[in-house]
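First comes the structure, then the notes that go with it.
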Amino acid sequence: MAGQMLFVDLTDGGIERRPVDRELLREYLGGRGINARLLWDLTQKGLDPLSPAAPLLFGTGALAGTFAPNSGRMTVTCKSPATGLYLKTNVGSHAAPELRFAGYEYLVFQGKAPHPVYLWIDDGEVTLRDARGLWGLDTRAADRRIKEELGDDQIRTILIGPAGENLVAFASIMASIYRAAGRGGSGAVMGSKNLKAIAVRGTGEVTVADPEGFTEVALAARRALRADEYCWTRSYEFGTAQGIIGANEGGTLPHRNFQDGRVADAYKLSGEYVSEKFAHPEACSACVFHCGRFARIRSGPYAGTYTAGPEYETLASLGSKCGTTDTAGVIKAGELCNILGMDTISAGSLVSFAMECYEYGLLSQKDANGLDLSWGNVESILVLLERMARREGLGDLLANGSRAAARTIGRGAEAFAVQAKGLEQSTVDVRGSMSYALAFALNPRGPDHLMTECLAEVGYTPEVRRLAEDITGTPKATDSLSPEGKPRMVAWHEEIYAVTDCLGICAFTDTWSYTRVNFENMAAMFAAATGIALSGDEARRIGERIITLERLFNLREGLTREELDVLPQRMVSEPSPTLHRGARTLTKEKLDGMLREYYVLREWDSESGVPSRETLARLGLDFAAEDVMGAR
Amino acid sequence: MKVDVRLLVTREQILRGTTLCLELPSPASVGDVLRRLADQDRSLVELALVREPTLTLRPGLALLLNGANVLLAPQALETPVSEGDRLSLIHGISGG
């Protein structure tokens, strides 16, 4: 595990290599954890996320490049331009292993290049190259141009599209063109630094401390996942969109910007339909599940479209949420987001927000520069996506995110912005699930499922139901509308997701196939790979340390719990007509009750939600105490 | 009493949108609906139901009564159904 950290000062072109600190690895495990600590150390309160001083961090998982199951992930961390708060986002593909093969585990960018550049990592040789000829290109064209310029089509790229260049609040960083570090606007941070791309070619190998021990535990984990035939078969055949039908039947598939939760012909967005008509499986590095899709449209108005996906979130956000089940149209919209470099969740949210404003007369056709923003108008969706990425007309307003756009539009538009802390909610209607509601409210980057997805609450097998009861100590754990047990449910999922992200393992590994990859065998893989002894309990405690440090980052900004632990207004103030016959399933009071119980569980102050000094000492986070307490 | 049953387990059922309207004597439970389904369609039994020791669903499947997962309710299959209820038989894993 002889990886290095690469510090790049884009202002003066300085490049410095440092060995990965073993103590840092011991305390934070890698990937997300080390990124979180670096971000804390390199950022001061109030720093503008788009200023040259703001750091942008890439951290491969500690197991990336090995055959540990589903271990091809990388974490991108920065201060979010969408929220002004902590942001970690995670991406698959093959970019993380390629970085490891080149000898690097972490990339730390600061400063701003005087003109567009890209970083070329050719094993041990690292150079900044002129990217003025790439600026303005979409991700597909830029990827092709870089490979042509360097004469190697095996290069892996990590890059931004026009949306990142134009500082769109939900611009993503794309790995291998189509895989997104999607949420929170990390692409805008990269664009603000005039950094168009990172190109990597690695021909080395990743060594582990105990090859025999590692092989034994990693192979056992792979075999355990393969033995869960039901899970991997469904993942392989239908991808993440296998969940569309369940969400629709449960009344939680967002329709028309979460005004309700069901569409008549949801099957057209289902993984079953997409796989039959348009897409085949595609896997990230070392993956057992192969849940990724790659779609092609061969006929009709969108013939010639090809792109990775569509995932559940893309289908729901650009499809049902915008009032359409036109499968080909949604795939085309997904392709546009990928090559323009925009998060499909937020992009769909902005379109559906604009459509609801249009429905209620807050935006006119004139305001929309001639577009008819009626629900389900696919042609308008496609044009609006382009305009957002290029900041043209109404697109320029929407490119700032729904919170900012709603403030500008006024006249009650805030009610249609389904966002909290500045991030648009992902496409799970939390009014149908108290675990999700609590997890979304606590998520330091804003309301979505990719920091903590509490699928144990669904209890889809007897084994998962038992786990849910074990975690929470109550049979109410799988009663989605009961608050009972949900704080413990969320805490457990937060911790296992944190550890998984540190190791570079896909988070779906935990929650699609519960118990087969767990704290114990993840700790064993880490120990065998790094030579650092680690137990399952210690791994879990490190997960808690990381969760707490991420919260401290936001507390240091001076926010109160009332500002941090919130859900979109629509979720707590309007019942969904398709959920439990229109009953009011979630209220602010119900959420507050769960939050207080969660704070106590975490040994944070039950009223303020601020960790005590004793808690910080217990977690080895004493260094943060003065900064956080001083910000109160 | 009429209850709408939506069978959404196989790819074919999903693409076809299989919906049955079952007529049952009142009072009736979710278990009564499943027993009626099993009597009507033996292939459904093989696909989704386990008869022994008691009638239930195969692992990984979920049964939603008006959107709520009834298998997770304390009374499970004893849960009563009412006129116009919507019972959905689906796969239980969500997406991401």
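So you can find residues: chains in the structure tokens are A, B, ... in the order shown, residues in each start at 1, and ligands are numbered from 1 in order.
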
Apply DSSP to the structure's backbone, then extract all residues of region 296-540 of chain A labelled strand (DSSP E or B) and return them as JSON, numbers by chain. {"A": [296, 306, 307, 308, 342, 419, 420, 423, 424]}

What are the nearest atom pairs, with distances in Å to one decimal, for all residues of chain A that come at most 9 Å from chain B, using only C-alpha atoms, set out by chain and rising residue number as a tab-separated table?
```
residue	atom	partner	partner_atom	distance
A:Tyr230	CA	B:Gly60	CA	7.5
A:Cys231	CA	B:Gly60	CA	8.4
A:Gly239	CA	B:Gly95	CA	7.8
A:Thr240	CA	B:Gly95	CA	4.3
A:Ala241	CA	B:Gly95	CA	5.8
A:Gln242	CA	B:Gly95	CA	6.3
A:Gly243	CA	B:Ser94	CA	4.2
A:Ile244	CA	B:Gly95	CA	7.4
A:Ile245	CA	B:Ile90	CA	7.4
A:Gly246	CA	B:Ile90	CA	6.2
A:Ala247	CA	B:Ser94	CA	7.4
A:Asn248	CA	B:Gly67	CA	8.6
A:Glu249	CA	B:Gly67	CA	5.9
A:Gly250	CA	B:Gly67	CA	3.8
A:Gly251	CA	B:Gly67	CA	5.9
A:Thr252	CA	B:Gly67	CA	8.5
A:Asp265	CA	B:Gly17	CA	8.4
A:Tyr267	CA	B:Leu15	CA	6.0
A:Lys268	CA	B:Leu15	CA	7.9
A:Ser270	CA	B:Ile14	CA	8.4
A:Glu272	CA	B:Arg11	CA	5.7
A:Tyr273	CA	B:Leu15	CA	6.7
A:Glu276	CA	B:Arg11	CA	9.0
A:Glu311	CA	B:Gly96	CA	7.5
A:Tyr312	CA	B:Gly95	CA	5.9
A:Glu313	CA	B:Gly96	CA	6.7
A:Gly432	CA	B:Ala68	CA	8.7
A:His449	CA	B:Gly96	CA	7.5
A:Leu450	CA	B:Gly96	CA	7.6
A:Glu453	CA	B:Gly96	CA	8.4
A:Leu455	CA	B:Ser94	CA	7.4
A:Val458	CA	B:Gly92	CA	7.3
A:Gly459	CA	B:Leu72	CA	7.4
A:Tyr460	CA	B:Gly92	CA	5.0
A:Thr461	CA	B:Pro59	CA	5.0
A:Pro462	CA	B:Pro59	CA	7.0
A:Arg465	CA	B:Leu72	CA	8.4
A:Pro475	CA	B:Pro74	CA	8.6
A:Lys476	CA	B:Leu72	CA	8.7
A:Thr478	CA	B:Leu72	CA	6.2
A:Asp479	CA	B:Leu72	CA	6.6
A:Ser480	CA	B:Ala68	CA	8.2
A:Phe508	CA	B:Gly96	CA	7.7
A:Trp512	CA	B:Ile93	CA	7.3
A:Thr578	CA	B:Gly67	CA	8.1
A:Leu579	CA	B:Gly67	CA	6.7
A:His580	CA	B:Asn66	CA	6.5
A:Arg581	CA	B:Asn66	CA	7.6
```

With DSSP run on the backbone, what are the alpha helix (DSSP H) residues within region 409-555 of chain A? I'd like them as a PyMOL selection string. chain A and resi 409+434-442+462-472+486-503+508-512+519-530+536-555
